[in-house]
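A.B. asks: Coordinates in my_file.pdb, PDB, C-alpha atoms, are listed below.
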ATOM      1  CA  MET U   1     -29.215  -0.946 -31.791
ATOM      2  CA  ARG U   2     -27.101  -2.785 -29.231
ATOM      3  CA  ILE U   3     -26.518  -1.703 -25.635
ATOM      4  CA  GLY U   4     -24.068  -3.526 -23.382
ATOM      5  CA  VAL U   5     -24.341  -4.567 -19.757
ATOM      6  CA  VAL U   6     -21.102  -5.543 -18.017
ATOM      7  CA  THR U   7     -21.033  -8.638 -15.851
ATOM      8  CA  PHE U   8     -18.367  -8.597 -13.153
ATOM      9  CA  PRO U   9     -17.913 -11.562 -10.818
ATOM     10  CA  GLY U  10     -20.488 -10.660  -8.169
ATOM     11  CA  SER U  11     -22.801  -8.559 -10.368
ATOM     12  CA  ASN U  12     -26.413  -9.450  -9.540
ATOM     13  CA  SER U  13     -28.532  -6.904 -11.425
ATOM     14  CA  ASP U  14     -27.016  -7.530 -14.842
ATOM     15  CA  VAL U  15     -29.897  -9.745 -15.964
ATOM     16  CA  ASP U  16     -32.449  -7.183 -14.735
ATOM     17  CA  ALA U  17     -30.630  -4.489 -16.741
ATOM     18  CA  LEU U  18     -30.517  -6.697 -19.853
ATOM     19  CA  ASN U  19     -34.251  -7.301 -19.446
ATOM     20  CA  ALA U  20     -35.033  -3.583 -19.047
ATOM     21  CA  LEU U  21     -33.117  -2.873 -22.267
ATOM     22  CA  ALA U  22     -35.094  -5.563 -24.104
ATOM     23  CA  VAL U  23     -38.313  -3.999 -22.779
ATOM     24  CA  ALA U  24     -37.046  -0.649 -24.099
ATOM     25  CA  GLY U  25     -36.773  -2.246 -27.540
ATOM     26  CA  VAL U  26     -33.011  -2.541 -28.028
ATOM     27  CA  GLU U  27     -30.747  -5.544 -28.370
ATOM     28  CA  PRO U  28     -29.101  -6.180 -24.998
ATOM     29  CA  VAL U  29     -25.516  -7.427 -25.113
ATOM     30  CA  SER U  30     -23.798  -9.076 -22.179
ATOM     31  CA  LEU U  31     -20.188  -7.886 -21.757
ATOM     32  CA  TRP U  32     -17.768 -10.008 -19.741
ATOM     33  CA  HIS U  33     -15.376  -8.286 -17.328
ATOM     34  CA  GLU U  34     -12.286 -10.042 -18.708
ATOM     35  CA  SER U  35     -12.434  -8.426 -22.152
ATOM     36  CA  PRO U  36     -11.935  -4.743 -23.006
ATOM     37  CA  ASP U  37     -13.883  -5.328 -26.267
ATOM     38  CA  LEU U  38     -17.284  -3.603 -26.032
ATOM     39  CA  GLN U  39     -18.497  -5.335 -29.232
ATOM     40  CA  GLY U  40     -19.584  -2.132 -30.920
ATOM     41  CA  VAL U  41     -22.382  -1.252 -28.491
ATOM     42  CA  ALA U  42     -23.923   2.235 -28.511
ATOM     43  CA  GLY U  43     -24.086   2.520 -24.723
ATOM     44  CA  VAL U  44     -22.895   0.694 -21.604
ATOM     45  CA  ILE U  45     -24.562  -0.060 -18.276
ATOM     46  CA  LEU U  46     -22.487  -1.044 -15.235
ATOM     47  CA  PRO U  47     -25.061  -2.919 -13.166
ATOM     48  CA  GLY U  48     -25.661  -3.410  -9.478
ATOM     49  CA  GLY U  49     -24.239  -6.162  -7.314
ATOM     50  CA  PHE U  50     -21.058  -6.774  -5.383
ATOM     51  CA  ALA U  51     -18.313  -6.816  -8.000
ATOM     52  CA  TYR U  52     -15.336  -8.848  -6.780
ATOM     53  CA  GLY U  53     -17.122  -9.233  -3.465
ATOM     54  CA  ASP U  54     -16.787  -5.482  -2.811
ATOM     55  CA  TYR U  55     -13.481  -6.431  -1.150
ATOM     56  CA  LEU U  56     -11.236  -3.571  -0.025
ATOM     57  CA  ARG U  57     -13.800  -0.891  -1.062
ATOM     58  CA  ALA U  58     -16.954  -1.239  -3.120
ATOM     59  CA  GLY U  59     -16.033  -0.946  -6.792
ATOM     60  CA  VAL U  60     -12.273  -0.579  -6.479
ATOM     61  CA  ILE U  61     -11.165  -4.011  -7.722
ATOM     62  CA  ALA U  62     -13.638  -3.841 -10.622
ATOM     63  CA  ARG U  63     -12.075  -0.549 -11.617
ATOM     64  CA  PHE U  64      -8.906  -2.375 -12.660
ATOM     65  CA  SER U  65     -10.629  -5.138 -14.662
ATOM     66  CA  PRO U  66      -9.942  -5.322 -18.443
ATOM     67  CA  VAL U  67     -13.481  -4.285 -19.421
ATOM     68  CA  MET U  68     -12.975  -0.941 -17.660
ATOM     69  CA  ARG U  69     -10.204  -0.072 -20.139
ATOM     70  CA  GLY U  70     -12.808  -0.410 -22.888
ATOM     71  CA  VAL U  71     -15.375   1.554 -20.878
ATOM     72  CA  THR U  72     -12.898   4.375 -20.162
ATOM     73  CA  ASP U  73     -11.968   4.674 -23.864
ATOM     74  CA  PHE U  74     -15.647   4.558 -24.835
ATOM     75  CA  ALA U  75     -16.487   7.333 -22.351
ATOM     76  CA  ALA U  76     -13.554   9.443 -23.587
ATOM     77  CA  LYS U  77     -15.049   9.282 -27.102
ATOM     78  CA  GLY U  78     -18.354  10.586 -25.769
ATOM     79  CA  GLY U  79     -20.138   7.224 -25.444
ATOM     80  CA  LEU U  80     -22.889   7.019 -22.832
ATOM     81  CA  VAL U  81     -22.160   5.071 -19.661
ATOM     82  CA  LEU U  82     -24.683   4.533 -16.861
ATOM     83  CA  GLY U  83     -23.615   3.072 -13.514
ATOM     84  CA  ILE U  84     -26.368   1.734 -11.296
ATOM     85  CA  CYS U  85     -25.704   1.135  -7.582
ATOM     86  CA  ASN U  86     -22.476  -0.927  -7.552
ATOM     87  CA  GLY U  87     -21.893   0.385 -11.090
ATOM     88  CA  PHE U  88     -21.977   3.928  -9.640
ATOM     89  CA  GLN U  89     -19.412   2.860  -7.031
ATOM     90  CA  VAL U  90     -17.181   1.469  -9.802
ATOM     91  CA  LEU U  91     -17.447   4.733 -11.793
ATOM     92  CA  ALA U  92     -16.619   6.783  -8.692
ATOM     93  CA  GLU U  93     -13.578   4.625  -7.869
ATOM     94  CA  ALA U  94     -12.483   4.914 -11.524
ATOM     95  CA  ARG U  95     -12.843   8.735 -11.202
ATOM     96  CA  LEU U  96     -15.175   8.718 -14.201
ATOM     97  CA  VAL U  97     -17.723  10.548 -12.039
ATOM     98  CA  PRO U  98     -16.861  12.848  -9.113
ATOM     99  CA  GLY U  99     -17.127  11.957  -5.427
ATOM    100  CA  ALA U 100     -17.109   8.808  -3.311
ATOM    101  CA  LEU U 101     -19.718   6.524  -1.769
ATOM    102  CA  LEU U 102     -19.271   5.967   1.948
ATOM    103  CA  ARG U 103     -20.869   3.452   4.239
ATOM    104  CA  ASN U 104     -24.499   4.375   4.937
ATOM    105  CA  ARG U 105     -24.800   6.772   7.850
ATOM    106  CA  SER U 106     -27.043   4.260   9.638
ATOM    107  CA  ILE U 107     -24.416   1.486   9.093
ATOM    108  CA  ARG U 108     -27.378  -0.600   7.947
ATOM    109  CA  PHE U 109     -27.847  -2.103   4.527
ATOM    110  CA  ALA U 110     -30.747  -0.114   3.054
ATOM    111  CA  SER U 111     -33.270  -2.025   0.961
ATOM    112  CA  LYS U 112     -36.473  -0.135   0.209
ATOM    113  CA  ILE U 113     -38.274   2.068  -2.277
ATOM    114  CA  VAL U 114     -37.162   5.709  -2.225
ATOM    115  CA  ALA U 115     -38.348   8.851  -3.988
ATOM    116  CA  ILE U 116     -35.860  10.657  -6.233
ATOM    117  CA  LYS U 117     -36.215  13.655  -8.494
ATOM    118  CA  PRO U 118     -34.120  14.521 -11.551
ATOM    119  CA  GLY U 119     -32.060  17.679 -11.064
ATOM    120  CA  ARG U 120     -32.531  18.532 -14.739
ATOM    121  CA  LEU U 121     -34.594  17.247 -17.630
ATOM    122  CA  ASP U 122     -32.227  18.146 -20.453
ATOM    123  CA  SER U 123     -29.565  15.487 -19.819
ATOM    124  CA  PRO U 124     -29.073  12.288 -21.859
ATOM    125  CA  PHE U 125     -30.154  10.303 -18.791
ATOM    126  CA  THR U 126     -33.307  12.242 -17.856
ATOM    127  CA  HIS U 127     -34.772  13.895 -20.952
ATOM    128  CA  LYS U 128     -37.700  11.455 -21.105
ATOM    129  CA  ALA U 129     -38.543  11.899 -17.410
ATOM    130  CA  THR U 130     -41.659  13.822 -16.413
ATOM    131  CA  GLY U 131     -39.890  15.694 -13.598
ATOM    132  CA  ALA U 132     -42.222  14.249 -10.958
ATOM    133  CA  PRO U 133     -40.670  12.163  -8.156
ATOM    134  CA  LEU U 134     -39.769   8.617  -9.224
ATOM    135  CA  HIS U 135     -40.298   5.752  -6.787
ATOM    136  CA  ILE U 136     -37.428   3.365  -7.287
ATOM    137  CA  PRO U 137     -35.812   0.718  -5.062
ATOM    138  CA  ILE U 138     -32.402   0.961  -3.458
ATOM    139  CA  ALA U 139     -30.365  -1.930  -2.066
ATOM    140  CA  HIS U 140     -26.952  -0.929  -0.776
ATOM    141  CA  GLY U 141     -24.652  -0.657   2.227
ATOM    142  CA  GLU U 142     -22.354   2.031   0.825
ATOM    143  CA  GLY U 143     -24.419   4.758  -0.814
ATOM    144  CA  CYS U 144     -23.663   7.838   1.268
ATOM    145  CA  TYR U 145     -22.523  10.331  -1.367
ATOM    146  CA  TYR U 146     -19.510  12.385  -0.335
ATOM    147  CA  ALA U 147     -17.460  15.108  -1.992
ATOM    148  CA  ASP U 148     -15.781  18.112  -0.369
ATOM    149  CA  GLU U 149     -17.744  21.361  -0.121
ATOM    150  CA  ALA U 150     -15.964  23.028  -3.058
ATOM    151  CA  THR U 151     -16.712  20.062  -5.316
ATOM    152  CA  LEU U 152     -20.353  19.977  -4.183
ATOM    153  CA  ASP U 153     -20.725  23.680  -5.007
ATOM    154  CA  GLU U 154     -19.161  23.108  -8.388
ATOM    155  CA  LEU U 155     -21.444  20.126  -9.133
ATOM    156  CA  GLU U 156     -24.424  22.217  -8.187
ATOM    157  CA  ALA U 157     -23.330  25.177 -10.345
ATOM    158  CA  SER U 158     -22.589  23.015 -13.372
ATOM    159  CA  GLY U 159     -25.810  20.977 -13.165
ATOM    160  CA  GLN U 160     -24.008  17.689 -12.501
ATOM    161  CA  ILE U 161     -26.337  16.636  -9.696
ATOM    162  CA  LEU U 162     -28.669  14.464 -11.745
ATOM    163  CA  PHE U 163     -30.795  12.967  -8.949
ATOM    164  CA  ARG U 164     -31.713  13.873  -5.400
ATOM    165  CA  TYR U 165     -33.621  11.985  -2.719
ATOM    166  CA  VAL U 166     -36.831  13.882  -2.037
ATOM    167  CA  ARG U 167     -39.339  14.022   0.806
ATOM    168  CA  ALA U 168     -43.065  13.398   0.407
ATOM    169  CA  ASP U 169     -43.559  17.107  -0.316
ATOM    170  CA  GLY U 170     -41.087  16.878  -3.211
ATOM    171  CA  ALA U 171     -38.358  18.932  -1.491
ATOM    172  CA  PRO U 172     -34.822  17.488  -1.444
ATOM    173  CA  ALA U 173     -34.034  15.586   1.790
ATOM    174  CA  LEU U 174     -31.015  17.784   2.523
ATOM    175  CA  ASP U 175     -30.754  16.816   6.199
ATOM    176  CA  PRO U 176     -28.610  13.638   6.192
ATOM    177  CA  ASP U 177     -30.753  12.308   9.053
ATOM    178  CA  ASP U 178     -34.034  12.860   7.172
ATOM    179  CA  PRO U 179     -35.661   9.430   6.739
ATOM    180  CA  ALA U 180     -36.237  10.314   3.056
ATOM    181  CA  ASN U 181     -32.445  10.455   2.657
ATOM    182  CA  PRO U 182     -31.774   6.714   2.989
ATOM    183  CA  ASN U 183     -28.013   6.754   3.463
ATOM    184  CA  GLY U 184     -27.002  10.223   4.677
ATOM    185  CA  SER U 185     -25.858  11.504   1.280
ATOM    186  CA  LEU U 186     -24.559  15.087   1.266
ATOM    187  CA  ARG U 187     -27.010  17.503  -0.393
ATOM    188  CA  ALA U 188     -29.381  14.531  -0.826
ATOM    189  CA  ILE U 189     -27.396  13.387  -3.862
ATOM    190  CA  ALA U 190     -28.637  10.104  -5.367
ATOM    191  CA  GLY U 191     -26.833  10.456  -8.694
ATOM    192  CA  VAL U 192     -24.288  12.621 -10.521
ATOM    193  CA  CYS U 193     -22.708  12.885 -13.945
ATOM    194  CA  ASN U 194     -19.236  13.847 -15.170
ATOM    195  CA  ALA U 195     -18.483  17.345 -16.468
ATOM    196  CA  ALA U 196     -18.959  16.250 -20.095
ATOM    197  CA  GLY U 197     -22.388  14.864 -19.188
ATOM    198  CA  ASN U 198     -22.005  11.453 -20.852
ATOM    199  CA  VAL U 199     -21.154   9.335 -17.790
ATOM    200  CA  ALA U 200     -23.669   9.093 -14.955
ATOM    201  CA  GLY U 201     -24.132   7.049 -11.811
ATOM    202  CA  LEU U 202     -27.005   6.642  -9.391
ATOM    203  CA  MET U 203     -27.641   4.442  -6.358
ATOM    204  CA  PRO U 204     -31.342   3.583  -7.011
ATOM    205  CA  HIS U 205     -32.216   0.758  -9.430
ATOM    206  CA  PRO U 206     -34.365   2.025 -12.350
ATOM    207  CA  GLU U 207     -34.129  -1.393 -14.051
ATOM    208  CA  ARG U 208     -36.037  -2.941 -11.139
ATOM    209  CA  MET U 209     -39.018  -0.678 -11.859
ATOM    210  CA  SER U 210     -39.039  -0.946 -15.614
ATOM    211  CA  GLU U 211     -42.337  -2.773 -16.220
ATOM    212  CA  SER U 212     -45.739  -2.449 -14.604
ATOM    213  CA  ILE U 213     -45.597  -6.169 -13.759
ATOM    214  CA  LEU U 214     -42.727  -5.282 -11.392
ATOM    215  CA  GLY U 215     -44.973  -2.853  -9.534
ATOM    216  CA  SER U 216     -44.137   0.292 -11.473
ATOM    217  CA  ASP U 217     -42.432   1.458 -14.629
ATOM    218  CA  ASP U 218     -41.058   4.687 -13.125
ATOM    219  CA  GLY U 219     -37.538   3.492 -13.886
ATOM    220  CA  MET U 220     -38.323   3.188 -17.582
ATOM    221  CA  GLN U 221     -38.302   6.998 -17.813
ATOM    222  CA  LEU U 222     -34.557   6.830 -17.161
ATOM    223  CA  ILE U 223     -33.839   3.652 -19.151
ATOM    224  CA  SER U 224     -35.631   5.045 -22.226
ATOM    225  CA  SER U 225     -33.861   8.415 -21.865
ATOM    226  CA  PHE U 226     -30.539   6.553 -21.878
ATOM    227  CA  VAL U 227     -31.514   4.301 -24.792
ATOM    228  CA  GLU U 228     -32.756   7.179 -26.935
ATOM    229  CA  SER U 229     -29.641   9.258 -26.242
ATOM    230  CA  ALA U 230     -27.432   6.282 -27.131
ATOM    231  CA  ARG U 231     -29.334   5.911 -30.390
ATOM    232  CA  ALA U 232     -28.855   9.619 -31.207
ATOM    233  CA  TRP U 233     -25.144   9.342 -30.374
ATOM    234  CA  GLU U 234     -24.689   6.291 -32.607
ATOM    235  CA  THR U 235     -26.587   7.933 -35.480
ATOM    236  CA  GLY U 236     -24.533  11.120 -35.144
ATOM    237  CA  ARG U 237     -21.180   9.337 -35.430
TER     238      ARG U 237
ATOM    239  CA  MET R 238      17.325  -8.458  -3.961
ATOM    240  CA  SER R 239      15.737  -8.137  -0.565
ATOM    241  CA  GLU R 240      12.277  -8.600   0.774
ATOM    242  CA  PHE R 241      10.556  -5.804   2.639
ATOM    243  CA  ARG R 242       7.443  -6.462   4.684
ATOM    244  CA  PHE R 243       5.250  -3.394   5.055
ATOM    245  CA  ALA R 244       1.976  -2.535   6.732
ATOM    246  CA  VAL R 245      -0.271   0.064   5.133
ATOM    247  CA  ASN R 246      -2.656   1.616   7.658
ATOM    248  CA  VAL R 247      -5.688   3.288   6.101
ATOM    249  CA  LEU R 248      -8.024   5.569   8.067
ATOM    250  CA  PRO R 249     -10.962   7.792   7.165
ATOM    251  CA  LYS R 250      -9.742  11.392   6.875
ATOM    252  CA  PRO R 251     -10.583  13.757   9.736
ATOM    253  CA  GLY R 252     -14.060  15.164   9.255
ATOM    254  CA  ILE R 253     -15.237  12.225   7.139
ATOM    255  CA  LEU R 254     -18.187  10.492   8.714
ATOM    256  CA  ASP R 255     -17.063   7.177  10.217
ATOM    257  CA  PRO R 256     -20.209   5.288  11.207
ATOM    258  CA  GLN R 257     -18.171   2.204  12.171
ATOM    259  CA  GLY R 258     -16.151   4.231  14.648
ATOM    260  CA  ARG R 259     -19.375   5.709  15.966
ATOM    261  CA  ALA R 260     -20.878   2.221  16.393
ATOM    262  CA  VAL R 261     -17.847   1.113  18.386
ATOM    263  CA  GLU R 262     -18.158   4.224  20.578
ATOM    264  CA  LEU R 263     -21.806   3.466  21.204
ATOM    265  CA  SER R 264     -20.877  -0.004  22.471
ATOM    266  CA  LEU R 265     -18.447   1.356  25.087
ATOM    267  CA  PRO R 266     -21.082   2.052  27.772
ATOM    268  CA  HIS R 267     -22.089  -1.623  27.578
ATOM    269  CA  LEU R 268     -18.520  -2.443  28.595
ATOM    270  CA  LYS R 269     -18.693   0.169  31.374
ATOM    271  CA  VAL R 270     -15.836   2.045  29.681
ATOM    272  CA  THR R 271     -16.193   5.795  30.067
ATOM    273  CA  THR R 272     -12.628   6.951  29.399
ATOM    274  CA  VAL R 273     -12.387   6.161  25.675
ATOM    275  CA  SER R 274     -13.523   8.457  22.869
ATOM    276  CA  ARG R 275     -12.847   9.534  19.269
ATOM    277  CA  VAL R 276     -12.817   6.013  17.811
ATOM    278  CA  ARG R 277     -11.925   5.736  14.126
ATOM    279  CA  VAL R 278     -12.101   2.421  12.299
ATOM    280  CA  GLY R 279      -9.810   1.807   9.330
ATOM    281  CA  ARG R 280      -8.040  -1.008   7.590
ATOM    282  CA  ARG R 281      -4.564  -2.509   7.757
ATOM    283  CA  VAL R 282      -2.964  -4.256   4.807
ATOM    284  CA  GLU R 283       0.326  -6.158   5.172
ATOM    285  CA  LEU R 284       2.388  -6.991   2.121
ATOM    286  CA  THR R 285       5.878  -7.980   1.005
ATOM    287  CA  ALA R 286       7.734  -6.114  -1.736
ATOM    288  CA  THR R 287      10.902  -7.405  -3.388
ATOM    289  CA  ALA R 288      13.470  -4.783  -4.382
ATOM    290  CA  ASP R 289      17.143  -3.857  -4.232
ATOM    291  CA  ALA R 290      16.600  -1.100  -1.702
ATOM    292  CA  GLU R 291      14.021  -0.135   0.868
ATOM    293  CA  SER R 292      13.345   3.184  -0.883
ATOM    294  CA  GLU R 293      12.509   1.358  -4.102
ATOM    295  CA  ALA R 294      10.162  -1.060  -2.321
ATOM    296  CA  ARG R 295       8.542   1.780  -0.430
ATOM    297  CA  ALA R 296       7.873   3.727  -3.647
ATOM    298  CA  VAL R 297       5.992   0.753  -5.110
ATOM    299  CA  VAL R 298       3.952   0.306  -1.925
ATOM    300  CA  ASP R 299       3.239   4.044  -1.797
ATOM    301  CA  GLY R 300       1.885   3.931  -5.351
ATOM    302  CA  LEU R 301      -0.370   1.001  -4.440
ATOM    303  CA  ALA R 302      -1.544   2.715  -1.273
ATOM    304  CA  LYS R 303      -2.519   5.792  -3.276
ATOM    305  CA  GLU R 304      -4.210   4.063  -6.175
ATOM    306  CA  LEU R 305      -5.665   0.856  -4.763
ATOM    307  CA  LEU R 306      -5.475   0.430  -0.993
ATOM    308  CA  SER R 307      -6.910   3.845  -0.130
ATOM    309  CA  ASN R 308      -9.225   6.340  -1.795
ATOM    310  CA  PRO R 309      -7.432   9.696  -1.371
ATOM    311  CA  LEU R 310     -10.768  11.549  -1.494
ATOM    312  CA  ILE R 311     -11.877  10.044   1.795
ATOM    313  CA  GLU R 312      -8.947   8.205   3.376
ATOM    314  CA  SER R 313      -5.383   8.818   4.463
ATOM    315  CA  TYR R 314      -2.682   6.199   4.941
ATOM    316  CA  THR R 315       0.654   5.589   6.594
ATOM    317  CA  ILE R 316       3.278   3.016   5.643
ATOM    318  CA  GLU R 317       5.272   1.069   8.242
ATOM    319  CA  LEU R 318       8.254  -1.147   7.530
ATOM    320  CA  LEU R 319       7.822  -4.343   9.546
ATOM    321  CA  GLU R 320      10.751  -6.468   8.404
ATOM    322  CA  ALA R 321      13.581  -6.452   5.883
ATOM    323  CA  THR R 322      15.087  -9.753   4.747
ATOM    324  CA  SER R 323      18.234  -9.917   2.686
ATOM    325  CA  SER R 324      17.866 -12.882   0.326
ATOM    326  CA  VAL R 325      21.302 -12.713  -1.332
ATOM    327  CA  ALA R 326      23.535 -12.809   1.723
ATOM    328  CA  ALA R 327      27.053 -14.000   0.859
ATOM    329  CA  ALA R 328      26.840 -16.932   3.252
ATOM    330  CA  GLY R 329      23.681 -18.073   1.465
ATOM    331  CA  THR R 330      21.433 -17.604   4.442
ATOM    332  CA  GLY R 331      19.096 -14.679   4.773
ATOM    333  CA  HIS R 332      18.957 -12.554   7.866
ATOM    334  CA  ALA R 333      16.000 -10.635   9.077
ATOM    335  CA  VAL R 334      15.860  -7.298  10.817
ATOM    336  CA  THR R 335      12.623  -6.640  12.593
ATOM    337  CA  ARG R 336      11.481  -3.222  13.701
ATOM    338  CA  SER R 337       8.586  -2.539  15.928
TER     339      SER R 337
END
For the structure just supplied, provide its representation as structure tokens.
C.D. replies:
Amino acid sequence: MRIGVVTFPGSNSDVDALNALAVAGVEPVSLWHESPDLQGVAGVILPGGFAYGDYLRAGVIARFSPVMRGVTDFAAKGGLVLGICNGFQVLAEARLVPGALLRNRSIRFASKIVAIKPGRLDSPFTHKATGAPLHIPIAHGEGCYYADEATLDELEASGQILFRYVRADGAPALDPDDPANPNGSLRAIAGVCNAAGNVAGLMPHPERMSESILGSDDGMQLISSFVESARAWETGR
Amino acid sequence: MSEFRFAVNVLPKPGILDPQGRAVELSLPHLKVTTVSRVRVGRRVELTATADAESEARAVVDGLAKELLSNPLIESYTIELLEATSSVAAAGTGHAVTRS
């Protein structure tokens, strides 16, 4: 099975994502931003980095690149799309997932390992997770999740909040000033999915914790969930 | 056809956290300024649109402001006409009208 990773000018975690997919036992395929052709892949990752220099707003220029036409069509057909960090920002700007990512509340670029917990274990992106907190790195300047109150309530009610930053005791870091909430995200949101449940974005980098040689393979719980769901989707077509 | 020079001013919507504005506010005491508050930091984009009429040019710029230059979830924008230049004047020379 083939899974694609898009490379935009300025992507810097594309190779890490390709590697994590290889570790997960699938054929990784590099997709170039200038072509809308997804080469028949069964799933797509939009990786981290600074696509198009993050000029204007993180993710907005990438949103209009040719490959995003292919990604939008693929998502509309039910294909699985995972946006990691900058990839999440691209999905949010493209309105493929709800909300927006504002500058970190601290105004500082945040680069450290955080604890996140899946909001549910029955989604295509989390079904292989244990449910225990995952320790995964973040590296971003604009990761403060924002949506208006009504949208937040709706996301909560419909189970679209896929990941939350959690404190050492496992409780969500709901206070935006809690040190366990690294960027001031509302309701401690680290990742969300669309209403259909096949497009998800998160700020932390699971691909950077996908092998024990990297310090931990916590992230592989999410990568293998994604890979297995993509396989089931491809088989079911 | 005429050329219309616009500025699009983008600001975070009221109530949206603006840490840049906050950082600027926090620097004010260092400048011994105590009479300035409620700082908001945004972005200004200047561009030229070619069209037959100002309304036509403005509609294009408005579309861009909505879709590209601002994110309506978190930002609001205003459009200012800076200059209009007629490029098909009968005498063959353009004339510019500048507004402040």
A.B. asks: Tell me, in Å to one decimal, how far CA of Arg208 (chain U) is from CA of Ile116 (chain U).
C.D. replies: 14.5 Å
A.B. asks: Could you check which of U:Arg95, U:Arg103, U:His33, U:His135 is closest to chain R, using all atoms listed in the file?
C.D. replies: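 Residue with the minimum atom-to-atom distance to chain R: U:Arg103.
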A.B. asks: List as a count of residues only: which residues have an atom within 10 Å of (-37.1, 9.1, -1.5), counting all atoms listed in the file?
C.D. replies: 29
A.B. asks: Using only C-alpha atoms, find the one residue out of R:Ser239, R:Thr315, R:Thr322, R:Thr272 that sits nearest to Leu301 (chain R).
C.D. replies: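 Of the candidates, the smallest distance to Leu301 (chain R) is held by R:Thr315.
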A.B. asks: So that I can check the surroundings of Asn183 (chain U), please list as a ChimeraX atom specification every protein, DNA and RNA residue that reaches within 7 Å of it, counting all atoms listed in the file and ignoring chain neighbours fewer than 3 positions away.
C.D. replies: /U:104-106,143-144
A.B. asks: Got a sec: who's within 12 Å of Leu284 (chain R), counting all atoms listed in the file, leaving out chain neighbours fewer than 3 positions off, as a list in words?
C.D. replies: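 Contacts, in chain order: Glu240, Phe241, Arg242, Phe243, Ala244, Val245, Asn246, Arg281, Thr287, Ala294, Arg295, Val297, Val298, Asp299, Leu301, Ala302, Leu306, Ile316, Glu317, Leu318, Leu319, Glu320 and Ala321 of chain R.
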A.B. asks: Between chain U and chain R, at 9 Å or less, what are the per-residue closest atom pairs and their distances in Å? Count only C-alpha atoms, order by chain and rising residue number, and return it as a tab-separated table.
C.D. replies:
residue	atom	partner	partner_atom	distance
U:Leu56	CA	R:Leu306	CA	7.1
U:Arg57	CA	R:Ser307	CA	8.4
U:Val60	CA	R:Leu305	CA	7.0
U:Ile61	CA	R:Leu305	CA	7.9
U:Glu93	CA	R:Asn308	CA	7.7
U:Gly99	CA	R:Leu310	CA	7.5
U:Ala100	CA	R:Leu310	CA	7.1
U:Leu102	CA	R:Leu254	CA	8.2
U:Arg103	CA	R:Pro256	CA	7.2
U:Asn104	CA	R:Pro256	CA	7.7
U:Arg105	CA	R:Pro256	CA	5.9
U:Ser106	CA	R:Pro256	CA	7.1
U:Ile107	CA	R:Pro256	CA	6.1
U:Tyr146	CA	R:Ile311	CA	8.3
U:Ala147	CA	R:Leu310	CA	7.6
U:Asp148	CA	R:Leu310	CA	8.3
A.B. asks: Please dump the current selection as an mmCIF file, in the frame of the given file; keep C-alpha atoms.
C.D. replies:
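selection01.cif written:
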data_model
loop_
_atom_site.group_PDB
_atom_site.id
_atom_site.type_symbol
_atom_site.label_atom_id
_atom_site.label_comp_id
_atom_site.auth_asym_id
_atom_site.auth_seq_id
_atom_site.Cartn_x
_atom_site.Cartn_y
_atom_site.Cartn_z
ATOM 1 C CA LEU U 56 -11.236 -3.571 -0.025
ATOM 2 C CA ARG U 57 -13.800 -0.891 -1.062
ATOM 3 C CA VAL U 60 -12.273 -0.579 -6.479
ATOM 4 C CA ILE U 61 -11.165 -4.011 -7.722
ATOM 5 C CA GLU U 93 -13.578 4.625 -7.869
ATOM 6 C CA GLY U 99 -17.127 11.957 -5.427
ATOM 7 C CA ALA U 100 -17.109 8.808 -3.311
ATOM 8 C CA LEU U 102 -19.271 5.967 1.948
ATOM 9 C CA ARG U 103 -20.869 3.452 4.239
ATOM 10 C CA ASN U 104 -24.499 4.375 4.937
ATOM 11 C CA ARG U 105 -24.800 6.772 7.850
ATOM 12 C CA SER U 106 -27.043 4.260 9.638
ATOM 13 C CA ILE U 107 -24.416 1.486 9.093
ATOM 14 C CA TYR U 146 -19.510 12.385 -0.335
ATOM 15 C CA ALA U 147 -17.460 15.108 -1.992
ATOM 16 C CA ASP U 148 -15.781 18.112 -0.369
#
A.B. asks: For the PyMOL selection byres ((chain U and resi 5-16) around 8), applied here, can you spell out every residue it catches as a compact mmCIF listing (two decimals) with C-alpha atoms, in the frame of the given file?
C.D. replies:
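Result file part-v3.txt:
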# COMPACT_ATOMS: atom_id res chain seq x y z
CA ILE U 3 -26.52 -1.70 -25.64
CA GLY U 4 -24.07 -3.53 -23.38
CA ALA U 17 -30.63 -4.49 -16.74
CA LEU U 18 -30.52 -6.70 -19.85
CA ASN U 19 -34.25 -7.30 -19.45
CA ALA U 20 -35.03 -3.58 -19.05
CA PRO U 28 -29.10 -6.18 -25.00
CA VAL U 29 -25.52 -7.43 -25.11
CA SER U 30 -23.80 -9.08 -22.18
CA LEU U 31 -20.19 -7.89 -21.76
CA TRP U 32 -17.77 -10.01 -19.74
CA HIS U 33 -15.38 -8.29 -17.33
CA VAL U 44 -22.90 0.69 -21.60
CA ILE U 45 -24.56 -0.06 -18.28
CA LEU U 46 -22.49 -1.04 -15.24
CA PRO U 47 -25.06 -2.92 -13.17
CA GLY U 48 -25.66 -3.41 -9.48
CA GLY U 49 -24.24 -6.16 -7.31
CA PHE U 50 -21.06 -6.77 -5.38
CA ALA U 51 -18.31 -6.82 -8.00
CA TYR U 52 -15.34 -8.85 -6.78
CA GLY U 53 -17.12 -9.23 -3.46
CA ALA U 62 -13.64 -3.84 -10.62
CA VAL U 67 -13.48 -4.28 -19.42
CA GLU U 207 -34.13 -1.39 -14.05
CA ARG U 208 -36.04 -2.94 -11.14
A.B. asks: May I have the residues at most 7 Å from (-29.7, -3.8, 4.8) in the file's coordinates, counting all atoms listed in the file, as a PyMOL selection string?
C.D. replies: chain U and resi 108-111+140-141
A.B. asks: Since I can't run it myself right now, could you work out what the PyMOL selection byres ((chain U and resi 225) around 8) selects here and report it as a ChimeraX atom specification?
C.D. replies: /U:124-129,221-224,226-229
A.B. asks: Mind pulling up the distance from CA of Ala92 (chain U) to CA of Ser158 (chain U)?
C.D. replies: 17.9 Å
